[in-house]
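Coordinates as given in start.csv (CSV, C-alpha atoms (C1' of nucleotides)):
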```
chain,number,residue,atom,x,y,z
A,161,MET,CA,152.2,156.1,87.8
A,162,GLN,CA,151.3,154.3,91.1
A,163,PRO,CA,148.3,155.4,93.1
A,164,ASP,CA,150.5,157.1,95.6
A,165,HIS,CA,150.3,160.5,94.1
A,166,LEU,CA,151.1,162.4,97.2
A,167,SER,CA,154.4,160.6,97.9
A,168,ALA,CA,155.5,161.3,94.3
A,169,THR,CA,154.6,164.9,94.5
A,170,PHE,CA,156.2,165.6,97.9
A,171,SER,CA,159.4,163.7,97.1
A,172,ALA,CA,159.7,165.6,93.8
A,173,LEU,CA,159.4,168.8,95.8
A,174,ALA,CA,161.9,167.7,98.3
A,175,ASP,CA,164.8,168.8,96.2
A,176,PRO,CA,166.0,172.4,95.8
A,177,THR,CA,167.1,171.9,92.3
A,178,ARG,CA,163.7,170.6,91.3
A,179,ARG,CA,162.0,173.4,93.1
A,180,ALA,CA,164.2,175.9,91.3
A,181,ILE,CA,163.3,174.3,88.0
A,182,LEU,CA,159.6,174.6,88.8
A,183,ALA,CA,160.2,178.3,89.7
A,184,ARG,CA,161.9,178.8,86.3
A,185,LEU,CA,159.0,177.1,84.5
A,186,ALA,CA,156.6,179.4,86.2
A,187,LEU,CA,158.1,182.1,84.0
A,188,GLY,CA,157.3,180.0,80.9
A,189,GLU,CA,158.2,176.9,78.9
A,190,ALA,CA,161.9,176.2,78.5
A,191,SER,CA,164.2,173.6,76.9
A,192,VAL,CA,166.3,171.2,78.9
A,193,LYS,CA,169.5,173.1,78.0
A,194,VAL,CA,168.0,176.5,79.1
A,195,LEU,CA,166.8,174.9,82.3
A,196,ALA,CA,170.2,173.5,83.1
A,197,GLU,CA,172.1,176.8,82.7
A,198,PRO,CA,171.7,178.2,86.2
A,199,PHE,CA,173.1,175.0,87.7
A,200,GLU,CA,176.6,173.7,88.1
A,201,MET,CA,175.5,170.3,87.1
A,202,THR,CA,175.7,168.2,83.9
A,203,LEU,CA,172.8,167.9,81.5
A,204,PRO,CA,172.1,164.2,82.3
A,205,ALA,CA,171.6,165.2,85.9
A,206,ILE,CA,169.0,167.8,84.9
A,207,SER,CA,167.4,165.3,82.6
A,208,LYS,CA,166.9,163.0,85.5
A,209,HIS,CA,165.4,165.7,87.7
A,210,LEU,CA,163.0,166.5,84.8
A,211,LYS,CA,162.1,162.8,84.7
A,212,VAL,CA,161.2,162.9,88.3
A,213,LEU,CA,159.1,166.0,87.9
A,214,GLU,CA,157.4,164.5,84.9
A,215,GLY,CA,156.8,161.3,86.9
A,216,ALA,CA,155.1,163.3,89.6
A,217,GLY,CA,153.0,165.0,86.9
A,218,LEU,CA,154.4,168.4,87.8
A,219,ILE,CA,155.6,169.1,84.3
A,220,THR,CA,154.6,168.1,80.8
A,221,ARG,CA,156.8,167.8,77.8
A,222,SER,CA,156.3,168.5,74.1
A,223,ARG,CA,158.5,168.2,71.0
A,224,GLU,CA,159.8,170.9,68.7
A,225,ALA,CA,162.4,169.6,66.4
A,226,GLN,CA,165.3,168.4,68.6
A,227,TRP,CA,164.0,170.3,71.6
A,228,ARG,CA,161.7,168.8,74.2
A,229,PRO,CA,160.4,171.9,76.0
A,230,CYS,CA,159.0,171.6,79.5
A,231,ALA,CA,155.9,173.3,80.9
A,232,ILE,CA,154.7,173.4,84.4
A,233,HIS,CA,151.6,171.4,85.3
A,234,ALA,CA,150.3,172.5,88.7
A,235,ALA,CA,147.4,170.1,89.3
A,236,PRO,CA,149.4,167.8,91.7
A,237,LEU,CA,150.4,170.9,93.7
A,238,LYS,CA,146.7,171.7,94.2
A,239,GLU,CA,146.2,168.1,95.4
A,240,ALA,CA,149.1,168.4,97.8
A,241,VAL,CA,147.8,171.8,99.2
A,242,ASP,CA,144.4,170.3,99.6
A,243,TYR,CA,145.9,167.5,101.6
A,244,MET,CA,147.8,169.8,103.8
A,245,GLN,CA,144.8,171.9,104.5
A,246,GLN,CA,143.5,169.1,106.7
A,247,PHE,CA,146.0,170.3,109.3
A,248,ARG,CA,145.2,173.9,108.9
A,249,LYS,CA,143.4,174.2,112.2
A,250,PHE,CA,146.6,173.1,113.9
A,251,TRP,CA,148.7,176.0,112.6
A,252,GLU,CA,145.9,178.4,113.2
A,253,GLU,CA,145.6,177.1,116.8
A,254,SER,CA,149.3,177.7,117.4
A,255,PHE,CA,149.0,181.2,116.0
A,256,LEU,CA,146.2,181.8,118.5
A,257,GLN,CA,148.4,180.4,121.3
A,258,LEU,CA,151.2,182.7,120.2
A,259,ASP,CA,148.8,185.6,120.3
A,260,ALA,CA,147.7,184.7,123.8
A,261,LEU,CA,151.3,184.4,124.9
A,262,LEU,CA,152.1,187.8,123.4
A,263,GLN,CA,149.2,189.4,125.2
A,264,ASP,CA,150.2,187.7,128.4
A,265,LEU,CA,153.7,189.1,128.1
A,266,GLN,CA,152.4,192.5,127.3
A,267,SER,CA,150.2,192.6,130.4
A,268,LYS,CA,153.2,191.7,132.5
A,269,ASP,CA,155.1,194.5,130.9
A,270,LYS,CA,152.7,196.9,132.4
A,271,PRO,CA,152.8,195.9,136.2
A,272,ASN,CA,150.4,198.7,137.0
A,273,ASP,CA,147.6,197.1,135.0
B,256,MET,CA,168.2,172.1,111.5
B,257,GLN,CA,169.7,173.3,108.2
B,258,PRO,CA,168.2,176.4,106.5
B,259,ASP,CA,166.6,174.1,103.9
B,260,HIS,CA,163.3,173.8,105.8
B,261,LEU,CA,161.3,173.1,102.7
B,262,SER,CA,163.3,170.1,101.6
B,263,ALA,CA,163.0,168.7,105.1
B,264,THR,CA,159.3,169.2,105.3
B,265,PHE,CA,158.6,167.8,101.8
B,266,SER,CA,160.7,164.8,102.2
B,267,ALA,CA,159.2,164.1,105.6
B,268,LEU,CA,155.8,164.2,103.9
B,269,ALA,CA,156.9,162.0,101.1
B,270,ASP,CA,156.3,158.8,103.0
B,271,PRO,CA,152.9,157.3,103.5
B,272,THR,CA,153.8,155.9,106.9
B,273,ARG,CA,154.8,159.3,108.1
B,274,ARG,CA,151.7,160.9,106.7
B,275,ALA,CA,149.6,158.3,108.5
B,276,ILE,CA,151.4,159.1,111.7
B,277,LEU,CA,150.6,162.7,111.3
B,278,ALA,CA,147.0,161.9,110.6
B,279,ARG,CA,146.9,159.9,113.8
B,280,LEU,CA,148.5,162.7,115.8
B,281,ALA,CA,145.9,165.1,114.4
B,282,LEU,CA,143.5,163.1,116.7
B,283,GLY,CA,145.7,163.8,119.7
B,284,GLU,CA,149.0,163.0,121.4
B,285,ALA,CA,150.2,159.4,121.4
B,286,SER,CA,153.1,157.3,122.5
B,287,VAL,CA,155.5,155.6,120.2
B,288,LYS,CA,154.0,152.2,120.9
B,289,VAL,CA,150.4,153.4,120.2
B,290,LEU,CA,151.6,155.1,117.0
B,291,ALA,CA,153.3,151.9,115.8
B,292,GLU,CA,150.2,149.7,116.3
B,293,PRO,CA,148.5,150.2,112.9
B,294,PHE,CA,151.7,149.3,111.0
B,295,GLU,CA,153.3,146.0,110.2
B,296,MET,CA,156.7,147.4,111.1
B,297,THR,CA,159.0,147.1,114.1
B,298,LEU,CA,159.3,149.8,116.8
B,299,PRO,CA,162.7,151.0,115.8
B,300,ALA,CA,161.4,151.7,112.3
B,301,ILE,CA,158.6,153.8,113.7
B,302,SER,CA,161.2,155.5,116.0
B,303,LYS,CA,163.2,156.4,112.9
B,304,HIS,CA,160.1,157.9,111.2
B,305,LEU,CA,159.4,159.9,114.3
B,306,LYS,CA,162.9,161.2,114.3
B,307,VAL,CA,162.5,162.3,110.7
B,308,LEU,CA,159.2,164.1,111.5
B,309,GLU,CA,160.8,165.7,114.6
B,310,GLY,CA,163.8,166.8,112.4
B,311,ALA,CA,161.4,168.5,110.1
B,312,GLY,CA,159.7,170.2,113.0
B,313,LEU,CA,156.4,168.5,112.3
B,314,ILE,CA,156.1,166.9,115.7
B,315,THR,CA,157.3,167.7,119.2
B,316,ARG,CA,158.0,165.3,121.9
B,317,SER,CA,157.6,165.4,125.7
B,318,ARG,CA,158.2,163.0,128.5
B,319,GLU,CA,155.8,161.3,130.9
B,320,ALA,CA,157.5,158.6,132.9
B,321,GLN,CA,158.7,156.0,130.5
B,322,TRP,CA,156.6,157.3,127.6
B,323,ARG,CA,157.7,159.9,125.1
B,324,PRO,CA,154.4,161.2,123.7
B,325,CYS,CA,154.4,162.9,120.3
B,326,ALA,CA,152.3,165.9,119.3
B,327,ILE,CA,151.7,167.4,115.9
B,328,HIS,CA,153.3,170.8,115.2
B,329,ALA,CA,151.9,172.2,112.0
B,330,ALA,CA,153.9,175.4,111.5
B,331,PRO,CA,156.2,173.9,108.8
B,332,LEU,CA,153.1,172.7,107.0
B,333,LYS,CA,151.9,176.3,106.8
B,334,GLU,CA,155.3,177.3,105.4
B,335,ALA,CA,155.0,174.5,102.8
B,336,VAL,CA,151.5,175.5,101.8
B,337,ASP,CA,152.6,179.2,101.5
B,338,TYR,CA,155.4,178.1,99.2
B,339,MET,CA,153.1,176.1,97.0
B,340,GLN,CA,150.5,178.9,96.8
B,341,GLN,CA,153.0,180.7,94.5
B,342,PHE,CA,151.9,178.3,91.8
B,343,ARG,CA,148.2,178.7,92.5
B,344,LYS,CA,147.5,180.7,89.4
B,345,PHE,CA,148.7,177.7,87.3
B,346,TRP,CA,146.2,175.3,88.7
B,347,GLU,CA,143.5,177.9,88.6
B,348,GLU,CA,144.3,178.6,85.0
B,349,SER,CA,144.0,174.9,84.1
B,350,PHE,CA,140.6,174.9,85.8
B,351,LEU,CA,139.5,177.8,83.7
B,352,GLN,CA,140.7,176.0,80.6
B,353,LEU,CA,138.8,172.9,81.7
B,354,ASP,CA,135.8,175.0,82.2
B,355,ALA,CA,136.1,176.5,78.8
B,356,LEU,CA,136.4,173.1,77.3
B,357,LEU,CA,133.3,171.8,79.1
B,358,GLN,CA,131.3,174.8,77.9
B,359,ASP,CA,132.6,174.2,74.4
B,360,LEU,CA,131.5,170.6,74.5
B,361,GLN,CA,128.1,171.6,75.9
B,362,SER,CA,127.5,174.1,73.2
B,363,LYS,CA,128.2,171.4,70.7
B,364,ASP,CA,125.7,169.1,72.5
B,365,LYS,CA,123.0,171.6,71.7
B,366,PRO,CA,123.3,172.2,68.0
B,367,ASN,CA,120.2,174.4,68.0
B,368,ASP,CA,121.7,176.9,70.4
C,250,DG,C1',175.6,161.5,53.9
C,251,DG,C1',178.3,164.3,57.4
C,252,DT,C1',178.4,167.7,61.0
C,253,DG,C1',176.6,170.1,64.8
C,254,DT,C1',173.2,170.6,68.5
C,255,DA,C1',169.8,168.8,72.0
C,256,DT,C1',168.6,165.2,74.7
C,257,DT,C1',168.5,160.7,76.6
C,258,DA,C1',170.5,156.0,77.9
C,259,DT,C1',173.8,153.3,80.2
C,260,DA,C1',176.9,152.1,83.5
C,261,DC,C1',179.0,153.2,87.4
C,262,DC,C1',180.0,155.4,92.3
C,263,DG,C1',179.3,157.0,97.0
C,264,DA,C1',175.8,158.5,100.2
C,265,DT,C1',171.6,158.2,102.2
C,266,DC,C1',167.3,155.6,103.2
C,267,DA,C1',164.1,152.2,105.0
C,268,DG,C1',163.9,148.4,107.2
C,269,DT,C1',165.7,144.4,110.2
C,270,DT,C1',167.6,142.1,114.7
C,271,DA,C1',169.8,142.4,119.0
C,272,DA,C1',171.4,145.0,122.7
C,273,DT,C1',170.8,149.0,125.8
C,274,DT,C1',168.8,152.6,128.5
C,275,DA,C1',165.2,154.4,131.4
C,276,DA,C1',161.3,154.3,134.1
C,277,DC,C1',157.8,152.0,136.7
C,278,DC,C1',156.1,148.2,140.0
C,279,DG,C1',156.2,144.8,143.5
D,16,DC,C1',166.6,144.2,144.2
D,17,DG,C1',164.4,141.7,140.0
D,18,DG,C1',161.0,141.9,136.4
D,19,DT,C1',158.3,144.4,133.0
D,20,DT,C1',157.3,147.9,129.7
D,21,DA,C1',158.7,151.8,126.6
D,22,DA,C1',161.8,153.5,123.6
D,23,DT,C1',166.3,154.2,121.6
D,24,DT,C1',170.9,152.8,119.9
D,25,DA,C1',174.0,150.1,117.1
D,26,DA,C1',175.2,147.3,113.5
D,27,DC,C1',173.9,145.5,109.4
D,28,DT,C1',171.6,145.0,104.6
D,29,DG,C1',169.5,145.9,100.2
D,30,DA,C1',167.4,149.7,97.6
D,31,DT,C1',167.1,154.2,96.0
D,32,DC,C1',169.2,158.7,95.1
D,33,DG,C1',172.0,162.3,93.1
D,34,DG,C1',175.6,162.8,90.6
D,35,DT,C1',179.4,161.7,87.0
D,36,DA,C1',181.4,160.3,82.3
D,37,DT,C1',180.7,158.3,78.1
D,38,DA,C1',177.9,156.6,74.4
D,39,DA,C1',173.9,156.7,71.7
D,40,DT,C1',169.8,158.8,69.5
D,41,DA,C1',167.1,162.4,67.1
D,42,DC,C1',166.8,166.1,64.4
D,43,DA,C1',168.3,170.3,61.3
D,44,DC,C1',171.2,172.1,58.1
D,45,DC,C1',174.4,172.1,54.3
```

Written as structure tokens, that's how I'd like the structure from this file.
Amino acid sequence: MQPDHLSATFSALADPTRRAILARLALGEASVKVLAEPFEMTLPAISKHLKVLEGAGLITRSREAQWRPCAIHAAPLKEAVDYMQQFRKFWEESFLQLDALLQDLQSKDKPND
Amino acid sequence: MQPDHLSATFSALADPTRRAILARLALGEASVKVLAEPFEMTLPAISKHLKVLEGAGLITRSREAQWRPCAIHAAPLKEAVDYMQQFRKFWEESFLQLDALLQDLQSKDKPND
DNA sequence: GGTGTATTATACCGATCAGTTAATTAACCG
DNA sequence: CGGTTAATTAACTGATCGGTATAATACACC
């Protein structure tokens, strides 16, 4: 795959079907057919989603007779989380601000303070 | 925005230009023109990227005379990280496996162990 | 070899996307 | 007012996306 790992990871995650597939795989390996069952979608569509997930390195595939079971591979997720942590201070800041705001409101609730 | 917050967040992050804009905004507020400078791209293109980021709630915009400065808003990033943490045990598992593998290799390196 | 099951490939469609150019709005400045 | 700067809108284009239907492949079992 191309060097742009993050784009591949994020765009794989940007689809609810693919996220649901990942959630299912978190419970254990599964074949394409089993993965497709919860969805009102044809098998080729699921097959394409799996290809996207595989392309992003989020799943790996093996072979067992005519089945090609999928398993989750979370390493790219760690990369993505690590990337996002660089912004951590910003959401922590905004929590602090919210905190300050709440305290401010509270002090105004008690006018005899 | 629609309830599907996560899709919006991930697909906003799935573009290197938008990630670069976020990184720039981590240094402080900036106008559209300033944000556009590092890129070989027209202003309307940047404007569209900003609209995507704003749609995902990752930036907020204010007004100062003819400028519309952007500021980072990291709350959706926290949501996304929280979502991904559900898979944490999988990447930790694979680290443990890697660890075990390395130890195995090491023990084979020292035959008189 | 023929049949059934699991999966992928191909070809197609409509929608959305990422970018462009050109025109427009909005605000400042003299 | 006219001119300049900042930013958006509108209209267009080519590419990618998410899905379909249908055909092809791969394997197991008899």

note - CA of Ala281 (chain B) and CA of Gln246 (chain A) are separated by 9.0 Å

*Please identify every residue of chain C that has at least one atom no more than 12 Å from any atom of chain A, counting all atoms listed in the file, and report them as a PyMOL selection string.*
chain C and resi 254-259

Hey, can you check how far CA of Leu265 (chain A) sits from CA of Arg318 (chain B)?
->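 Those two atoms sit 26.5 Å apart.
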
(request) Please indicate the distance in Å from CA of Arg279 (chain B) to CA of Pro236 (chain A), rounded to one decimal place. (result)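 Result for CA of Arg279 (chain B) versus CA of Pro236 (chain A): 23.6 Å, one decimal.
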
With chain B as the partner and 10 Å as the cut-off, tabulate the residues of chain D that qualify, each row holding the nearest pair of atoms and their distance in Å to one decimal, using all atoms listed in the file, sorted by chain and rising number, as CSV.
```
residue,atom,partner,partner_atom,distance
D:DT20,C1',B:Gln321,CA,8.3
D:DA21,C1',B:Gln321,CA,5.7
D:DA22,C1',B:Val287,CA,7.5
D:DT23,C1',B:Pro299,CA,7.5
D:DT24,C1',B:Pro299,CA,9.3
```

How would the residues just picked look written out with C-alpha atoms (C1' of nucleotides) as a CSV table (one decimal), in the coordinates of the input?
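Resulting contents of out-v9.csv:
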```csv
chain,number,residue,atom,x,y,z
D,20,DT,C1',157.3,147.9,129.7
D,21,DA,C1',158.7,151.8,126.6
D,22,DA,C1',161.8,153.5,123.6
D,23,DT,C1',166.3,154.2,121.6
D,24,DT,C1',170.9,152.8,119.9
```

Using only C-alpha atoms, find each residue in chain B having at least one atom no more than 9 Å away from chain A; report its shortest atom-to-atom pair and that distance in Å (one decimal), rows by chain then rising number, as a tab-separated table.
```
residue	atom	partner	partner_atom	distance
B:Asp259	CA	A:Pro176	CA	8.3
B:Leu261	CA	A:Ala174	CA	7.0
B:Ser262	CA	A:Ala174	CA	4.3
B:Ala263	CA	A:Ala174	CA	7.0
B:Thr264	CA	A:Ala174	CA	7.6
B:Phe265	CA	A:Ala174	CA	4.8
B:Ser266	CA	A:Ala174	CA	5.0
B:Ala267	CA	A:Phe170	CA	8.4
B:Leu268	CA	A:Phe170	CA	6.2
B:Ala269	CA	A:Ser167	CA	4.3
B:Asp270	CA	A:Ser167	CA	5.7
B:Pro271	CA	A:Ser167	CA	6.7
B:Ala278	CA	A:Phe247	CA	8.6
B:Ala281	CA	A:Phe247	CA	7.3
B:Ile327	CA	A:Phe250	CA	7.9
B:His328	CA	A:Phe250	CA	7.2
B:Ala329	CA	A:Trp251	CA	5.0
B:Ala330	CA	A:Trp251	CA	5.3
B:Pro331	CA	A:Trp251	CA	8.7
B:Leu332	CA	A:Met244	CA	6.8
B:Lys333	CA	A:Trp251	CA	6.6
B:Ala335	CA	A:Val241	CA	8.5
B:Val336	CA	A:Val241	CA	5.8
B:Met339	CA	A:Leu237	CA	6.7
B:Gln340	CA	A:Val241	CA	8.0
B:Gln341	CA	A:Ala183	CA	9.0
B:Phe342	CA	A:Ala234	CA	6.8
B:Arg343	CA	A:Lys238	CA	7.4
B:Lys344	CA	A:Ala234	CA	8.7
B:Phe345	CA	A:Ala234	CA	5.6
B:Trp346	CA	A:Ala234	CA	5.0
B:Glu347	CA	A:Ala234	CA	8.7
B:Ser349	CA	A:Ala235	CA	7.9
```

Practice problem: Compile the contact shell of DC266 (chain C) as a list of chain:residue names: residues with an atom at most 10 Å away, counting only C-alpha atoms (C1' of nucleotides), same-chain residues fewer than 4 positions apart removed. | Solution: D:DA30, D:DT31, D:DC32

Can you work out which one of B:Thr272, B:Leu280, B:Ile314, B:Ala326 has the shortest atom-to-atom distance to Glu295 (chain B), counting only C-alpha atoms?
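So, comparing all the options, the nearest one is B:Thr272.
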
Can you tell me, as AutoDock Vina command-line options, the centre and edge lengths (Å, one decimal) of the axis-aligned box enclosing all of region 312-328 of chain B's listed atoms after padding each side by 5 Å?
```
--center_x 155.7 --center_y 163.4 --center_z 122.6 --size_x 18.0 --size_y 24.8 --size_z 30.6
```

>> I want to know what sits within 12 Å of DA36 (chain D), based on all atoms listed in the file, with residues of the same chain fewer than 2 positions away left out; could you give that as JSON, numbers by chain?
In response: {"A": [202, 203, 204, 205], "C": [259, 260, 261, 262], "D": [34, 38]}

Completion of region 228-246 of chain A up to N, CA and C atoms, as a PDB file, keeping the file's coordinate frame:
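Result saved to out28.pdb:
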```
ATOM      1  N   ARG A 228     162.893 169.408  73.534  1.00  0.00           N
ATOM      2  CA  ARG A 228     161.700 168.800  74.200  1.00  0.00           C
ATOM      3  C   ARG A 228     161.356 169.788  75.366  1.00  0.00           C
ATOM      4  N   PRO A 229     160.687 170.871  75.013  1.00  0.00           N
ATOM      5  CA  PRO A 229     160.400 171.900  76.000  1.00  0.00           C
ATOM      6  C   PRO A 229     159.500 171.396  77.136  1.00  0.00           C
ATOM      7  N   CYS A 230     159.741 171.931  78.319  1.00  0.00           N
ATOM      8  CA  CYS A 230     159.000 171.600  79.500  1.00  0.00           C
ATOM      9  C   CYS A 230     158.033 172.670  79.882  1.00  0.00           C
ATOM     10  N   ALA A 231     156.875 172.294  80.382  1.00  0.00           N
ATOM     11  CA  ALA A 231     155.900 173.300  80.900  1.00  0.00           C
ATOM     12  C   ALA A 231     155.424 172.814  82.244  1.00  0.00           C
ATOM     13  N   ILE A 232     155.144 173.762  83.095  1.00  0.00           N
ATOM     14  CA  ILE A 232     154.700 173.400  84.400  1.00  0.00           C
ATOM     15  C   ILE A 232     153.247 172.883  84.354  1.00  0.00           C
ATOM     16  N   HIS A 233     152.926 171.958  85.245  1.00  0.00           N
ATOM     17  CA  HIS A 233     151.600 171.400  85.300  1.00  0.00           C
ATOM     18  C   HIS A 233     151.232 171.332  86.816  1.00  0.00           C
ATOM     19  N   ALA A 234     150.384 172.230  87.279  1.00  0.00           N
ATOM     20  CA  ALA A 234     150.300 172.500  88.700  1.00  0.00           C
ATOM     21  C   ALA A 234     149.223 171.619  89.430  1.00  0.00           C
ATOM     22  N   ALA A 235     148.470 170.834  88.688  1.00  0.00           N
ATOM     23  CA  ALA A 235     147.400 170.100  89.300  1.00  0.00           C
ATOM     24  C   ALA A 235     147.824 169.302  90.556  1.00  0.00           C
ATOM     25  N   PRO A 236     148.950 168.567  90.475  1.00  0.00           N
ATOM     26  CA  PRO A 236     149.400 167.800  91.700  1.00  0.00           C
ATOM     27  C   PRO A 236     149.668 168.734  92.863  1.00  0.00           C
ATOM     28  N   LEU A 237     150.098 169.959  92.571  1.00  0.00           N
ATOM     29  CA  LEU A 237     150.400 170.900  93.700  1.00  0.00           C
ATOM     30  C   LEU A 237     149.050 171.235  94.386  1.00  0.00           C
ATOM     31  N   LYS A 238     148.015 171.392  93.596  1.00  0.00           N
ATOM     32  CA  LYS A 238     146.700 171.700  94.200  1.00  0.00           C
ATOM     33  C   LYS A 238     146.319 170.497  95.138  1.00  0.00           C
ATOM     34  N   GLU A 239     146.491 169.287  94.621  1.00  0.00           N
ATOM     35  CA  GLU A 239     146.200 168.100  95.400  1.00  0.00           C
ATOM     36  C   GLU A 239     146.951 168.137  96.753  1.00  0.00           C
ATOM     37  N   ALA A 240     148.235 168.449  96.640  1.00  0.00           N
ATOM     38  CA  ALA A 240     149.100 168.400  97.800  1.00  0.00           C
ATOM     39  C   ALA A 240     148.637 169.520  98.812  1.00  0.00           C
ATOM     40  N   VAL A 241     148.315 170.697  98.290  1.00  0.00           N
ATOM     41  CA  VAL A 241     147.800 171.800  99.200  1.00  0.00           C
ATOM     42  C   VAL A 241     146.533 171.332  99.835  1.00  0.00           C
ATOM     43  N   ASP A 242     145.632 170.762  99.050  1.00  0.00           N
ATOM     44  CA  ASP A 242     144.400 170.300  99.600  1.00  0.00           C
ATOM     45  C   ASP A 242     144.630 169.312 100.754  1.00  0.00           C
ATOM     46  N   TYR A 243     145.567 168.413 100.506  1.00  0.00           N
ATOM     47  CA  TYR A 243     145.900 167.500 101.600  1.00  0.00           C
ATOM     48  C   TYR A 243     146.360 168.170 102.822  1.00  0.00           C
ATOM     49  N   MET A 244     147.264 169.118 102.653  1.00  0.00           N
ATOM     50  CA  MET A 244     147.800 169.800 103.800  1.00  0.00           C
ATOM     51  C   MET A 244     146.823 170.619 104.575  1.00  0.00           C
ATOM     52  N   GLN A 245     145.823 171.105 103.853  1.00  0.00           N
ATOM     53  CA  GLN A 245     144.800 171.900 104.500  1.00  0.00           C
ATOM     54  C   GLN A 245     144.116 171.193 105.643  1.00  0.00           C
ATOM     55  N   GLN A 246     144.152 169.871 105.603  1.00  0.00           N
ATOM     56  CA  GLN A 246     143.500 169.100 106.700  1.00  0.00           C
ATOM     57  C   GLN A 246     144.142 169.444 108.025  1.00  0.00           C
TER      58      GLN A 246
END
```
